[in-house]
Each structure stands twice: as structure tokens, then as C-alpha cells.
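The file data_1.cif contains mmCIF, C-alpha atoms:
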data_target
loop_
_atom_site.group_PDB
_atom_site.id
_atom_site.type_symbol
_atom_site.label_atom_id
_atom_site.label_comp_id
_atom_site.auth_asym_id
_atom_site.auth_seq_id
_atom_site.Cartn_x
_atom_site.Cartn_y
_atom_site.Cartn_z
ATOM 1 C CA MET A 1 0.000 0.000 0.000
ATOM 2 C CA SER A 2 1.109 3.530 -0.723
ATOM 3 C CA THR A 3 1.763 5.602 2.383
ATOM 4 C CA GLU A 4 2.282 8.922 0.635
ATOM 5 C CA THR A 5 -0.931 10.642 1.705
ATOM 6 C CA ILE A 6 -2.178 8.959 4.843
ATOM 7 C CA SER A 7 -5.236 10.409 6.528
ATOM 8 C CA ALA A 8 -7.919 9.055 8.823
ATOM 9 C CA ALA A 9 -10.354 11.071 6.706
ATOM 10 C CA ALA A 10 -9.910 8.602 3.814
ATOM 11 C CA ALA A 11 -12.557 6.341 5.349
ATOM 12 C CA GLY A 12 -15.162 9.108 5.450
ATOM 13 C CA THR A 13 -16.998 10.571 8.422
ATOM 14 C CA TRP A 14 -19.902 9.800 10.742
ATOM 15 C CA ARG A 15 -21.906 11.907 13.147
ATOM 16 C CA LEU A 16 -22.078 10.962 16.812
ATOM 17 C CA GLY A 17 -25.053 13.115 17.691
ATOM 18 C CA ASP A 18 -23.853 16.608 16.818
ATOM 19 C CA LEU A 19 -20.167 15.592 16.684
ATOM 20 C CA THR A 20 -18.543 14.629 13.372
ATOM 21 C CA VAL A 21 -15.660 12.150 13.478
ATOM 22 C CA ASN A 22 -13.476 10.443 10.929
ATOM 23 C CA ARG A 23 -14.403 6.772 10.783
ATOM 24 C CA MET A 24 -10.806 5.721 11.415
ATOM 25 C CA GLY A 25 -10.101 6.419 15.075
ATOM 26 C CA PHE A 26 -7.729 5.273 17.803
ATOM 27 C CA GLY A 27 -8.128 3.054 20.864
ATOM 28 C CA ALA A 28 -5.969 3.971 23.865
ATOM 29 C CA MET A 29 -6.033 0.678 25.776
ATOM 30 C CA ARG A 30 -2.809 -0.727 24.352
ATOM 31 C CA LEU A 31 -0.795 2.309 25.447
ATOM 32 C CA THR A 32 -0.865 1.118 29.054
ATOM 33 C CA GLY A 33 0.604 -2.361 28.658
ATOM 34 C CA SER A 34 -1.835 -3.437 31.354
ATOM 35 C CA ALA A 35 -1.579 -6.978 32.651
ATOM 36 C CA ALA A 36 -5.327 -6.803 33.260
ATOM 37 C CA PHE A 37 -5.745 -6.896 29.477
ATOM 38 C CA ASP A 38 -2.791 -9.193 28.689
ATOM 39 C CA LEU A 39 -1.007 -6.351 26.916
ATOM 40 C CA GLY A 40 2.540 -7.017 28.072
ATOM 41 C CA THR A 41 5.092 -4.277 28.703
ATOM 42 C CA PRO A 42 3.846 -0.698 28.364
ATOM 43 C CA SER A 43 5.251 1.462 25.621
ATOM 44 C CA ASP A 44 7.795 4.068 26.631
ATOM 45 C CA ARG A 45 5.981 7.094 28.051
ATOM 46 C CA GLU A 46 7.328 9.640 25.581
ATOM 47 C CA ARG A 47 6.752 7.203 22.730
ATOM 48 C CA SER A 48 3.089 6.826 23.774
ATOM 49 C CA ILE A 49 2.692 10.596 23.882
ATOM 50 C CA ALA A 50 4.276 10.834 20.439
ATOM 51 C CA VAL A 51 1.891 8.166 19.092
ATOM 52 C CA LEU A 52 -1.145 10.114 20.324
ATOM 53 C CA ARG A 53 0.109 13.354 18.803
ATOM 54 C CA ARG A 54 0.941 11.605 15.539
ATOM 55 C CA ALA A 55 -2.545 10.084 15.437
ATOM 56 C CA VAL A 56 -4.086 13.551 15.589
ATOM 57 C CA ASP A 57 -1.634 14.770 12.931
ATOM 58 C CA LEU A 58 -2.882 11.933 10.706
ATOM 59 C CA GLY A 59 -6.483 13.101 11.053
ATOM 60 C CA VAL A 60 -7.664 10.932 13.940
ATOM 61 C CA ASN A 61 -10.322 12.901 15.832
ATOM 62 C CA HIS A 62 -12.024 10.031 17.696
ATOM 63 C CA ILE A 63 -10.125 8.474 20.605
ATOM 64 C CA ASP A 64 -11.561 5.678 22.732
ATOM 65 C CA THR A 65 -10.388 5.337 26.331
ATOM 66 C CA ALA A 66 -11.466 4.519 29.902
ATOM 67 C CA ALA A 67 -10.321 5.317 33.433
ATOM 68 C CA PHE A 68 -9.854 1.585 34.008
ATOM 69 C CA TYR A 69 -7.249 1.472 31.232
ATOM 70 C CA PHE A 70 -4.197 1.680 33.453
ATOM 71 C CA SER A 71 -1.178 -0.337 34.521
ATOM 72 C CA ARG A 72 1.349 0.081 37.307
ATOM 73 C CA LEU A 73 3.142 2.793 35.325
ATOM 74 C CA ARG A 74 0.632 4.080 32.793
ATOM 75 C CA SER A 75 -2.851 5.611 32.662
ATOM 76 C CA ALA A 76 -4.430 5.954 29.227
ATOM 77 C CA ASN A 77 -6.416 9.033 30.259
ATOM 78 C CA GLU A 78 -3.372 10.718 31.771
ATOM 79 C CA LEU A 79 -1.347 10.034 28.622
ATOM 80 C CA ILE A 80 -4.115 11.542 26.476
ATOM 81 C CA ASN A 81 -4.255 14.616 28.716
ATOM 82 C CA ARG A 82 -0.484 15.028 28.645
ATOM 83 C CA ALA A 83 -0.225 14.550 24.891
ATOM 84 C CA LEU A 84 -3.211 16.469 23.594
ATOM 85 C CA ALA A 85 -4.422 19.109 26.054
ATOM 86 C CA PRO A 86 -5.455 21.763 25.301
ATOM 87 C CA TYR A 87 -7.598 19.579 23.088
ATOM 88 C CA PRO A 88 -8.336 20.352 19.426
ATOM 89 C CA ASP A 89 -11.885 21.623 18.947
ATOM 90 C CA ASP A 90 -12.818 18.710 16.684
ATOM 91 C CA LEU A 91 -11.395 15.948 18.906
ATOM 92 C CA VAL A 92 -13.987 13.550 20.334
ATOM 93 C CA ILE A 93 -12.897 11.496 23.338
ATOM 94 C CA ALA A 94 -15.123 8.546 24.188
ATOM 95 C CA THR A 95 -14.805 6.781 27.530
ATOM 96 C CA LYS A 96 -16.504 3.923 29.347
ATOM 97 C CA VAL A 97 -17.957 3.406 32.815
ATOM 98 C CA GLY A 98 -19.340 0.390 34.623
ATOM 99 C CA PRO A 99 -16.207 -1.710 35.184
ATOM 100 C CA GLY A 100 -13.740 -0.490 37.773
ATOM 101 C CA ARG A 101 -10.380 -1.397 39.265
ATOM 102 C CA ASP A 102 -8.906 -0.539 42.635
ATOM 103 C CA PRO A 103 -5.558 1.327 42.866
ATOM 104 C CA SER A 104 -3.654 -1.972 42.872
ATOM 105 C CA GLY A 105 -5.331 -2.925 39.604
ATOM 106 C CA GLU A 106 -7.696 -5.584 40.921
ATOM 107 C CA TRP A 107 -11.108 -5.687 39.254
ATOM 108 C CA LEU A 108 -14.060 -4.468 41.289
ATOM 109 C CA PRO A 109 -17.684 -5.601 40.924
ATOM 110 C CA LEU A 110 -19.648 -3.785 38.225
ATOM 111 C CA ALA A 111 -20.483 -0.317 39.509
ATOM 112 C CA ARG A 112 -23.925 0.270 40.980
ATOM 113 C CA PRO A 113 -25.999 3.019 39.353
ATOM 114 C CA ASP A 114 -25.226 5.364 42.271
ATOM 115 C CA GLN A 115 -21.483 4.824 41.721
ATOM 116 C CA LEU A 116 -21.468 5.868 38.064
ATOM 117 C CA ARG A 117 -21.224 9.595 38.818
ATOM 118 C CA GLY A 118 -17.954 8.941 40.645
ATOM 119 C CA GLN A 119 -16.612 7.064 37.637
ATOM 120 C CA VAL A 120 -17.655 9.874 35.301
ATOM 121 C CA GLU A 121 -15.948 12.426 37.545
ATOM 122 C CA GLU A 122 -12.810 10.256 37.639
ATOM 123 C CA ASN A 123 -12.646 10.400 33.839
ATOM 124 C CA LEU A 124 -13.215 14.163 33.918
ATOM 125 C CA ARG A 125 -10.342 14.658 36.377
ATOM 126 C CA GLN A 126 -7.921 12.449 34.513
ATOM 127 C CA LEU A 127 -8.700 13.955 31.123
ATOM 128 C CA GLY A 128 -8.860 17.522 32.421
ATOM 129 C CA ARG A 129 -12.322 18.129 30.988
ATOM 130 C CA ASP A 130 -15.469 19.766 32.332
ATOM 131 C CA HIS A 131 -17.661 17.410 30.316
ATOM 132 C CA LEU A 132 -17.233 14.120 28.450
ATOM 133 C CA ASP A 133 -18.064 13.930 24.736
ATOM 134 C CA LEU A 134 -19.321 10.339 24.764
ATOM 135 C CA VAL A 135 -19.723 7.904 27.641
ATOM 136 C CA TYR A 136 -20.482 4.216 27.140
ATOM 137 C CA LEU A 137 -22.173 2.127 29.768
ATOM 138 C CA ARG A 138 -20.206 -1.110 29.530
ATOM 139 C CA GLN A 139 -22.350 -3.788 31.111
ATOM 140 C CA ALA A 140 -21.547 -7.275 32.330
ATOM 141 C CA GLY A 141 -24.209 -9.795 33.273
ATOM 142 C CA LEU A 142 -27.173 -7.440 33.570
ATOM 143 C CA ASP A 143 -30.587 -8.527 32.293
ATOM 144 C CA SER A 144 -31.716 -4.909 32.351
ATOM 145 C CA ILE A 145 -29.446 -1.878 31.993
ATOM 146 C CA ALA A 146 -32.294 0.583 32.556
ATOM 147 C CA GLU A 147 -31.284 1.692 36.053
ATOM 148 C CA HIS A 148 -27.616 2.111 35.158
ATOM 149 C CA PHE A 149 -28.340 3.871 31.865
ATOM 150 C CA GLY A 150 -30.888 6.072 33.601
ATOM 151 C CA ALA A 151 -28.180 7.242 36.000
ATOM 152 C CA LEU A 152 -26.000 8.255 33.047
ATOM 153 C CA ALA A 153 -28.956 9.990 31.391
ATOM 154 C CA GLU A 154 -29.292 12.127 34.529
ATOM 155 C CA LEU A 155 -25.614 13.083 34.274
ATOM 156 C CA ARG A 156 -26.207 13.984 30.643
ATOM 157 C CA GLU A 157 -29.047 16.266 31.685
ATOM 158 C CA ALA A 158 -26.706 17.799 34.281
ATOM 159 C CA GLY A 159 -24.191 18.646 31.552
ATOM 160 C CA LEU A 160 -21.400 16.264 32.556
ATOM 161 C CA ILE A 161 -21.922 14.088 29.470
ATOM 162 C CA ARG A 162 -22.730 15.168 25.920
ATOM 163 C CA HIS A 163 -23.722 11.849 24.341
ATOM 164 C CA LEU A 164 -24.384 8.291 25.518
ATOM 165 C CA GLY A 165 -23.475 4.864 24.181
ATOM 166 C CA ILE A 166 -23.636 1.256 25.353
ATOM 167 C CA SER A 167 -21.031 -1.512 25.202
ATOM 168 C CA ASN A 168 -20.873 -5.304 25.473
ATOM 169 C CA VAL A 169 -24.624 -5.509 25.045
ATOM 170 C CA ARG A 170 -27.415 -7.614 23.579
ATOM 171 C CA PRO A 171 -30.179 -6.304 21.284
ATOM 172 C CA GLU A 172 -32.659 -5.976 24.157
ATOM 173 C CA HIS A 173 -30.244 -3.676 25.965
ATOM 174 C CA LEU A 174 -30.349 -1.206 23.090
ATOM 175 C CA ALA A 175 -34.135 -1.035 23.292
ATOM 176 C CA GLN A 176 -33.981 -0.578 27.068
ATOM 177 C CA ALA A 177 -31.543 2.315 26.729
ATOM 178 C CA GLN A 178 -33.414 4.012 23.885
ATOM 179 C CA ALA A 179 -36.555 4.120 26.023
ATOM 180 C CA ILE A 180 -34.616 6.385 28.411
ATOM 181 C CA ALA A 181 -32.318 8.588 26.296
ATOM 182 C CA PRO A 182 -30.781 8.718 22.802
ATOM 183 C CA VAL A 183 -28.016 6.213 22.064
ATOM 184 C CA VAL A 184 -25.474 7.462 19.527
ATOM 185 C CA SER A 185 -23.124 4.473 19.546
ATOM 186 C CA VAL A 186 -22.879 0.760 20.346
ATOM 187 C CA GLN A 187 -19.491 -0.797 21.079
ATOM 188 C CA ASN A 188 -19.322 -4.587 20.875
ATOM 189 C CA ARG A 189 -16.729 -7.108 19.884
ATOM 190 C CA TYR A 190 -16.749 -7.696 16.132
ATOM 191 C CA GLY A 191 -14.167 -8.752 13.595
ATOM 192 C CA VAL A 192 -13.269 -11.264 10.914
ATOM 193 C CA GLY A 193 -14.126 -14.601 12.477
ATOM 194 C CA ALA A 194 -16.042 -13.052 15.400
ATOM 195 C CA THR A 195 -19.439 -11.840 14.232
ATOM 196 C CA ARG A 196 -21.865 -12.783 16.962
ATOM 197 C CA SER A 197 -23.148 -9.175 17.055
ATOM 198 C CA ARG A 198 -24.235 -9.276 13.400
ATOM 199 C CA GLY A 199 -27.860 -8.499 14.314
ATOM 200 C CA LEU A 200 -26.856 -5.454 16.358
ATOM 201 C CA LEU A 201 -24.595 -4.273 13.551
ATOM 202 C CA ARG A 202 -27.572 -4.362 11.203
ATOM 203 C CA THR A 203 -29.950 -2.702 13.675
ATOM 204 C CA CYS A 204 -27.506 0.121 14.297
ATOM 205 C CA GLY A 205 -27.221 0.740 10.565
ATOM 206 C CA GLU A 206 -30.987 0.856 10.195
ATOM 207 C CA GLN A 207 -31.287 3.358 13.037
ATOM 208 C CA ALA A 208 -28.256 5.512 12.106
ATOM 209 C CA ILE A 209 -26.422 4.540 15.303
ATOM 210 C CA ALA A 210 -22.638 4.163 15.164
ATOM 211 C CA PHE A 211 -21.319 0.631 15.610
ATOM 212 C CA VAL A 212 -17.789 0.569 17.029
ATOM 213 C CA PRO A 213 -16.136 -2.874 17.071
ATOM 214 C CA PHE A 214 -13.448 -3.592 19.621
ATOM 215 C CA PHE A 215 -10.748 -6.177 18.867
ATOM 216 C CA ALA A 216 -11.404 -5.572 15.157
ATOM 217 C CA ILE A 217 -7.815 -6.497 14.321
ATOM 218 C CA ALA A 218 -7.950 -9.647 16.436
ATOM 219 C CA GLY A 219 -9.785 -12.755 15.333
ATOM 220 C CA GLU A 220 -11.723 -15.260 17.406
ATOM 221 C CA GLY A 221 -8.537 -15.908 19.346
ATOM 222 C CA ARG A 222 -8.481 -12.201 20.234
ATOM 223 C CA GLU A 223 -4.868 -11.609 19.252
ATOM 224 C CA SER A 224 -4.515 -13.580 16.024
ATOM 225 C CA GLY A 225 -4.564 -10.566 13.730
ATOM 226 C CA ALA A 226 -2.445 -8.457 16.047
ATOM 227 C CA SER A 227 0.241 -11.049 16.718
ATOM 228 C CA GLY A 228 1.522 -11.489 13.188
ATOM 229 C CA THR A 229 -0.307 -14.753 12.564
ATOM 230 C CA ASP A 230 -3.549 -14.937 10.632
ATOM 231 C CA GLN A 231 -5.765 -17.108 8.473
ATOM 232 C CA ASP A 232 -4.532 -18.010 5.007
ATOM 233 C CA GLU A 233 -7.408 -16.105 3.377
ATOM 234 C CA VAL A 234 -6.567 -12.896 5.228
ATOM 235 C CA ARG A 235 -2.892 -13.215 4.330
ATOM 236 C CA ALA A 236 -3.757 -13.847 0.692
ATOM 237 C CA VAL A 237 -5.851 -10.684 0.434
ATOM 238 C CA ALA A 238 -3.086 -8.753 2.188
ATOM 239 C CA ARG A 239 -0.494 -9.954 -0.329
ATOM 240 C CA ALA A 240 -2.665 -8.805 -3.215
ATOM 241 C CA TYR A 241 -2.496 -5.229 -1.937
ATOM 242 C CA GLY A 242 0.985 -5.233 -0.445
ATOM 243 C CA ALA A 243 -0.785 -4.708 2.870
ATOM 244 C CA THR A 244 -0.617 -6.283 6.303
ATOM 245 C CA PRO A 245 -3.300 -8.665 7.637
ATOM 246 C CA ALA A 246 -4.197 -6.008 10.221
ATOM 247 C CA GLN A 247 -4.835 -3.496 7.440
ATOM 248 C CA VAL A 248 -7.084 -5.981 5.649
ATOM 249 C CA ARG A 249 -9.064 -6.596 8.828
ATOM 250 C CA LEU A 250 -9.521 -2.857 9.336
ATOM 251 C CA ALA A 251 -10.579 -2.335 5.724
ATOM 252 C CA TRP A 252 -13.125 -5.151 6.081
ATOM 253 C CA THR A 253 -14.406 -3.534 9.264
ATOM 254 C CA LEU A 254 -14.888 -0.137 7.633
ATOM 255 C CA GLN A 255 -16.693 -1.705 4.664
ATOM 256 C CA LEU A 256 -19.309 -3.286 6.940
ATOM 257 C CA GLY A 257 -21.302 -0.077 6.636
ATOM 258 C CA PRO A 258 -20.953 3.713 6.698
ATOM 259 C CA HIS A 259 -21.984 3.706 10.365
ATOM 260 C CA VAL A 260 -19.071 1.491 11.441
ATOM 261 C CA LEU A 261 -16.131 3.203 13.170
ATOM 262 C CA ALA A 262 -12.703 1.610 13.666
ATOM 263 C CA ILE A 263 -10.652 2.199 16.829
ATOM 264 C CA PRO A 264 -7.447 0.164 16.436
ATOM 265 C CA GLY A 265 -4.910 0.724 19.181
ATOM 266 C CA THR A 266 -1.141 0.532 19.280
ATOM 267 C CA GLY A 267 1.823 1.976 21.097
ATOM 268 C CA ASN A 268 4.017 1.557 18.003
ATOM 269 C CA PRO A 269 4.307 4.600 15.709
ATOM 270 C CA ASP A 270 4.873 2.432 12.626
ATOM 271 C CA HIS A 271 1.797 0.331 13.368
ATOM 272 C CA LEU A 272 -0.190 3.529 13.899
ATOM 273 C CA THR A 273 0.742 4.737 10.429
ATOM 274 C CA GLU A 274 -0.187 1.355 8.945
ATOM 275 C CA ASN A 275 -3.530 1.322 10.757
ATOM 276 C CA VAL A 276 -4.492 4.802 9.592
ATOM 277 C CA ALA A 277 -3.373 3.977 6.043
ATOM 278 C CA ALA A 278 -5.986 1.193 6.029
ATOM 279 C CA ALA A 279 -8.636 3.926 5.891
ATOM 280 C CA ALA A 280 -7.912 4.187 2.161
ATOM 281 C CA LEU A 281 -7.892 0.450 1.408
ATOM 282 C CA ARG A 282 -10.958 -0.765 -0.517
ATOM 283 C CA LEU A 283 -11.558 -4.487 -0.864
ATOM 284 C CA THR A 284 -13.525 -5.996 -3.729
ATOM 285 C CA ASP A 285 -16.920 -7.604 -3.247
ATOM 286 C CA GLU A 286 -15.313 -11.005 -3.848
ATOM 287 C CA GLU A 287 -12.663 -10.384 -1.194
ATOM 288 C CA LEU A 288 -15.273 -9.163 1.269
ATOM 289 C CA ALA A 289 -17.288 -12.316 0.631
ATOM 290 C CA ARG A 290 -14.245 -14.522 1.294
ATOM 291 C CA LEU A 291 -13.631 -12.789 4.609
ATOM 292 C CA ASP A 292 -17.316 -12.882 5.476
ATOM 293 C CA ALA A 293 -17.208 -16.646 4.996
ATOM 294 C CA LEU A 294 -14.498 -16.815 7.655
ATOM 295 C CA SER A 295 -16.761 -14.845 9.948
ATOM 296 C CA ASP A 296 -19.668 -17.167 9.293
ATOM 297 C CA ALA A 297 -17.444 -20.067 10.229
ATOM 298 C CA GLY A 298 -16.326 -18.242 13.385
#
Would you put the structure from the file into C-alpha cells?
Amino acid sequence: MSTETISAAAAGTWRLGDLTVNRMGFGAMRLTGSAAFDLGTPSDRERSIAVLRRAVDLGVNHIDTAAFYFSRLRSANELINRALAPYPDDLVIATKVGPGRDPSGEWLPLARPDQLRGQVEENLRQLGRDHLDLVYLRQAGLDSIAEHFGALAELREAGLIRHLGISNVRPEHLAQAQAIAPVVSVQNRYGVGATRSRGLLRTCGEQAIAFVPFFAIAGEGRESGASGTDQDEVRAVARAYGATPAQVRLAWTLQLGPHVLAIPGTGNPDHLTENVAAAALRLTDEELARLDALSDAG
């Protein structure tokens, strides 16, 4: 692939409520090297800051993060604050609440509805903001998210949150949330070989809601696409374009629909450039079908 004119804008844009973002974004989780996410050694601090600044230089204006993205030495939110504040006017920072970790890094039970304000304020402090652009309720094991989402809707009315999303959810959760307040985005796992949220992907497209896959570069084994190993079909498509398997997976993700946003993460400046370059890669219908067949099998 040519890397002469790389821009996140090459994939087009989408509106998150009243906020316009380029569909190629950046996920901050991998910057921390957190053992809680099996990410290994954190990237050098100054290198992480340089990666964030380079992402913005390449047109990334949608960054996904969370207060619980931290390791012994790194906090994703703090790195974002250090690298990018004062923030560009067009930069949208999305964060997540629900899960929590204590200062030693141990996971806490899912936050109660009355604890969500504290988590929102923690993100505000770390990011140095007076409001959050987009906050996802990331649920785990709830039959109904109404009470939790209602608590976030109250914080939205209070001006602490601009827009709301939901993460790690089932179709009924989207309906529950929409009965309370507008949902601008759904963030679920989705990628080549891991398409269990296909129905939600379709519903979001029909309702003009953004769908934001996490682990889009990874396959069913979570790290297959990110670790340098991949299915033969993915490698074959990559060879045809002089691209990497990760770039092919990102291109496939972006061609799922105009409402789909990519948020690949990396602490490596070269990988960042490759990821953003994938915004311009267009696969043929036949190639998309071959990769879809892998997903069906997964």
C-alpha cells in the first residue's frame, strides 16, 4: 500500500449526535501495557505521547479510552491529557464506565448506578475536561441496563456528558436504553471470524447509530490478527495489496457499513501509520465475501 498521503479522513466521516468524526479512530487501551488486558510491557511514556500526537496529525479525531485502562506505570487518560491538552476543537474522546479497578489494579464488581457519577468524575479529572463527549455504559451480566443507563442519562441532563453509548450488550439492551435517552453508539466485539453481534450491527445501521467494534484487528482468538499470525485467506488478500493482515481486517471492518467506526490501538508509531493507512484500502466484493465466509465459520 502507498503511504504517501495517509489520513484518517480517507474512510469518510460519521456523526455521533452533533459531533462529526473520521471513521478511522484510535483506541488507547494498548498504550498502558496493562496486565489486566494481557497487553505485556507498556510502551515508553514519551513514545506513547508521540503516538497520540501523531494520530491527531494523521487526522484521527475520535479516541476511545477509559479510566480503568491503566497499569502500574501508565494511565491511558493521563497520557491523552499530557499529549493532547489543550484539546483540538474537533477531537472527540469517548470513555466507558461500569467496570472499575482498585488502585492496585484488581477488578471491582460492576459499579452500581449510584457509583457511576464517581466514575464519570474520575474520567473528567484524569482527562482535564469539564464534560465528556461520549460515555459508554459497559455492562456485564445485567438482564436490564435501565437503572444504570438512567443514572448516566441524569448526568447527561446535568451537563457532565454530551452523548451516551452502550457496550458489550445484547439487542434488548439497546431497546432498554433508547426508552430512556438517545443512544449514539454501540461498542461490541466484532471482527473477521467473530461476528456474533451481526444483528446489532444491522440494527444500528438501520437506526443511524454508530457501531464501534473492539478487537477488530484480532480474530476469534483475540490476538490472532495483532500477533503477526492470521488465516490463510486474510494473508492472501493482504499480499494482493501489499498490505498487512491487520490493514485488511480494518478495511473489512470499515466496509461493513458507513456507520461502522474503527478504533485500532497501538503503542508503536509504525503500526499507527499502517492502521491509519488502512482507511484508504478498498476491498472488492469477492474479497469481502471470502472474509465474510471466515466470519460465518467463526
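Taking CA of Arg54 (chain A) and CA of Gly165 (chain A) as the two end points, the separation is 26.8 Å.
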Find the residues with any atom within 12 Å of (-19.4, 8.4, 28.7); use all atoms listed in the file and the coordinates as given in the file, and write the answer as a PDB file with C-alpha atoms, in the frame of the given file.
ATOM      1  CA  ASP A  64     -11.561   5.678  22.732  1.00  0.00           C
ATOM      2  CA  THR A  65     -10.388   5.337  26.331  1.00  0.00           C
ATOM      3  CA  ALA A  66     -11.466   4.519  29.902  1.00  0.00           C
ATOM      4  CA  ALA A  67     -10.321   5.317  33.433  1.00  0.00           C
ATOM      5  CA  VAL A  92     -13.987  13.550  20.334  1.00  0.00           C
ATOM      6  CA  ILE A  93     -12.897  11.496  23.338  1.00  0.00           C
ATOM      7  CA  ALA A  94     -15.123   8.546  24.188  1.00  0.00           C
ATOM      8  CA  THR A  95     -14.805   6.781  27.530  1.00  0.00           C
ATOM      9  CA  LYS A  96     -16.504   3.923  29.347  1.00  0.00           C
ATOM     10  CA  VAL A  97     -17.957   3.406  32.815  1.00  0.00           C
ATOM     11  CA  GLY A  98     -19.340   0.390  34.623  1.00  0.00           C
ATOM     12  CA  LEU A 116     -21.468   5.868  38.064  1.00  0.00           C
ATOM     13  CA  ARG A 117     -21.224   9.595  38.818  1.00  0.00           C
ATOM     14  CA  GLN A 119     -16.612   7.064  37.637  1.00  0.00           C
ATOM     15  CA  VAL A 120     -17.655   9.874  35.301  1.00  0.00           C
ATOM     16  CA  GLU A 121     -15.948  12.426  37.545  1.00  0.00           C
ATOM     17  CA  GLU A 122     -12.810  10.256  37.639  1.00  0.00           C
ATOM     18  CA  ASN A 123     -12.646  10.400  33.839  1.00  0.00           C
ATOM     19  CA  LEU A 124     -13.215  14.163  33.918  1.00  0.00           C
ATOM     20  CA  HIS A 131     -17.661  17.410  30.316  1.00  0.00           C
ATOM     21  CA  LEU A 132     -17.233  14.120  28.450  1.00  0.00           C
ATOM     22  CA  ASP A 133     -18.064  13.930  24.736  1.00  0.00           C
ATOM     23  CA  LEU A 134     -19.321  10.339  24.764  1.00  0.00           C
ATOM     24  CA  VAL A 135     -19.723   7.904  27.641  1.00  0.00           C
ATOM     25  CA  TYR A 136     -20.482   4.216  27.140  1.00  0.00           C
ATOM     26  CA  LEU A 137     -22.173   2.127  29.768  1.00  0.00           C
ATOM     27  CA  ARG A 138     -20.206  -1.110  29.530  1.00  0.00           C
ATOM     28  CA  PHE A 149     -28.340   3.871  31.865  1.00  0.00           C
ATOM     29  CA  ALA A 151     -28.180   7.242  36.000  1.00  0.00           C
ATOM     30  CA  LEU A 152     -26.000   8.255  33.047  1.00  0.00           C
ATOM     31  CA  ALA A 153     -28.956   9.990  31.391  1.00  0.00           C
ATOM     32  CA  LEU A 155     -25.614  13.083  34.274  1.00  0.00           C
ATOM     33  CA  ARG A 156     -26.207  13.984  30.643  1.00  0.00           C
ATOM     34  CA  GLY A 159     -24.191  18.646  31.552  1.00  0.00           C
ATOM     35  CA  LEU A 160     -21.400  16.264  32.556  1.00  0.00           C
ATOM     36  CA  ILE A 161     -21.922  14.088  29.470  1.00  0.00           C
ATOM     37  CA  ARG A 162     -22.730  15.168  25.920  1.00  0.00           C
ATOM     38  CA  HIS A 163     -23.722  11.849  24.341  1.00  0.00           C
ATOM     39  CA  LEU A 164     -24.384   8.291  25.518  1.00  0.00           C
ATOM     40  CA  GLY A 165     -23.475   4.864  24.181  1.00  0.00           C
ATOM     41  CA  ILE A 166     -23.636   1.256  25.353  1.00  0.00           C
ATOM     42  CA  SER A 167     -21.031  -1.512  25.202  1.00  0.00           C
ATOM     43  CA  VAL A 183     -28.016   6.213  22.064  1.00  0.00           C
ATOM     44  CA  VAL A 184     -25.474   7.462  19.527  1.00  0.00           C
ATOM     45  CA  SER A 185     -23.124   4.473  19.546  1.00  0.00           C
ATOM     46  CA  VAL A 186     -22.879   0.760  20.346  1.00  0.00           C
ATOM     47  CA  GLN A 187     -19.491  -0.797  21.079  1.00  0.00           C
TER      48      GLN A 187
END
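For the pair CA of Ala175 (chain A) and CA of Ile209 (chain A), the separation is 12.4 Å.
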List the residues selected by the PyMOL selection byres ((chain A and resi 250) around 9) in the file shown, writing them as an mmCIF file with C-alpha atoms, in the frame of the given file.
data_model
loop_
_atom_site.group_PDB
_atom_site.id
_atom_site.type_symbol
_atom_site.label_atom_id
_atom_site.label_comp_id
_atom_site.auth_asym_id
_atom_site.auth_seq_id
_atom_site.Cartn_x
_atom_site.Cartn_y
_atom_site.Cartn_z
ATOM 1 C CA MET A 24 -10.806 5.721 11.415
ATOM 2 C CA GLY A 191 -14.167 -8.752 13.595
ATOM 3 C CA ALA A 216 -11.404 -5.572 15.157
ATOM 4 C CA ILE A 217 -7.815 -6.497 14.321
ATOM 5 C CA PRO A 245 -3.300 -8.665 7.637
ATOM 6 C CA ALA A 246 -4.197 -6.008 10.221
ATOM 7 C CA GLN A 247 -4.835 -3.496 7.440
ATOM 8 C CA VAL A 248 -7.084 -5.981 5.649
ATOM 9 C CA ARG A 249 -9.064 -6.596 8.828
ATOM 10 C CA ALA A 251 -10.579 -2.335 5.724
ATOM 11 C CA TRP A 252 -13.125 -5.151 6.081
ATOM 12 C CA THR A 253 -14.406 -3.534 9.264
ATOM 13 C CA LEU A 254 -14.888 -0.137 7.633
ATOM 14 C CA GLN A 255 -16.693 -1.705 4.664
ATOM 15 C CA ALA A 262 -12.703 1.610 13.666
ATOM 16 C CA PRO A 264 -7.447 0.164 16.436
ATOM 17 C CA ASN A 275 -3.530 1.322 10.757
ATOM 18 C CA ALA A 278 -5.986 1.193 6.029
ATOM 19 C CA ALA A 279 -8.636 3.926 5.891
ATOM 20 C CA LEU A 281 -7.892 0.450 1.408
#
Please enumerate the residues selected by the PyMOL selection byres ((chain A and resi 233) around 10) when evaluated against the supplied file, formatted as a ChimeraX atom specification. /A:230-232,234-239,245,287,290-291,293-294
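Of the listed residues (A:Ala76, A:Val260, A:Val56, A:Ala240), A:Val260 comes nearest to Leu16 (chain A); the distances count all atoms listed in the file.
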Quick one: distance from CA of Arg112 (chain A) to CA of Ile263 (chain A) in Å, one decimal? 27.6 Å
Counting all atoms listed in the file, select every polymer residue within 9 Å of (-5.0, 10.5, 35.4) as defined in the file's coordinates, and provide the selection as a list in words. Ala67, Arg74, Ser75, Ala76, Asn77, Glu78, Leu79, Asn81, Glu122, Asn123, Arg125, Gln126, Leu127 and Gly128 of chain A
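If you apply the PyMOL selection byres ((chain A and resi 11) around 8) to this structure, you end up with Ala8, Ala9, Ala10, Gly12, Thr13, Asn22, Arg23, Met24, Leu254, Ala279 and Ala280 of chain A.
The shortest atom-to-atom distance to Arg53 (chain A), with only C-alpha atoms taken into account, belongs to A:Leu91 out of A:Thr41, A:His173, A:Tyr69, A:Leu91.
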If you count all atoms listed in the file, which residues fall within 8 Å of Val51 (chain A), apart from same-chain ones fewer than 3 positions away, as a ChimeraX atom specification? /A:47-48,54-55,267-269,272
Write to file, as a PDB file, in the coordinates of the input, the residues of the selection just made, with C-alpha atoms.
ATOM      1  CA  ARG A  47       6.752   7.203  22.730  1.00  0.00           C
ATOM      2  CA  SER A  48       3.089   6.826  23.774  1.00  0.00           C
ATOM      3  CA  ARG A  54       0.941  11.605  15.539  1.00  0.00           C
ATOM      4  CA  ALA A  55      -2.545  10.084  15.437  1.00  0.00           C
ATOM      5  CA  GLY A 267       1.823   1.976  21.097  1.00  0.00           C
ATOM      6  CA  ASN A 268       4.017   1.557  18.003  1.00  0.00           C
ATOM      7  CA  PRO A 269       4.307   4.600  15.709  1.00  0.00           C
ATOM      8  CA  LEU A 272      -0.190   3.529  13.899  1.00  0.00           C
TER       9      LEU A 272
END
Of the listed residues A:Cys204, A:Thr32, A:Leu283, A:Ile180, that which approaches Tyr241 (chain A) most closely, counting all atoms listed in the file: A:Leu283
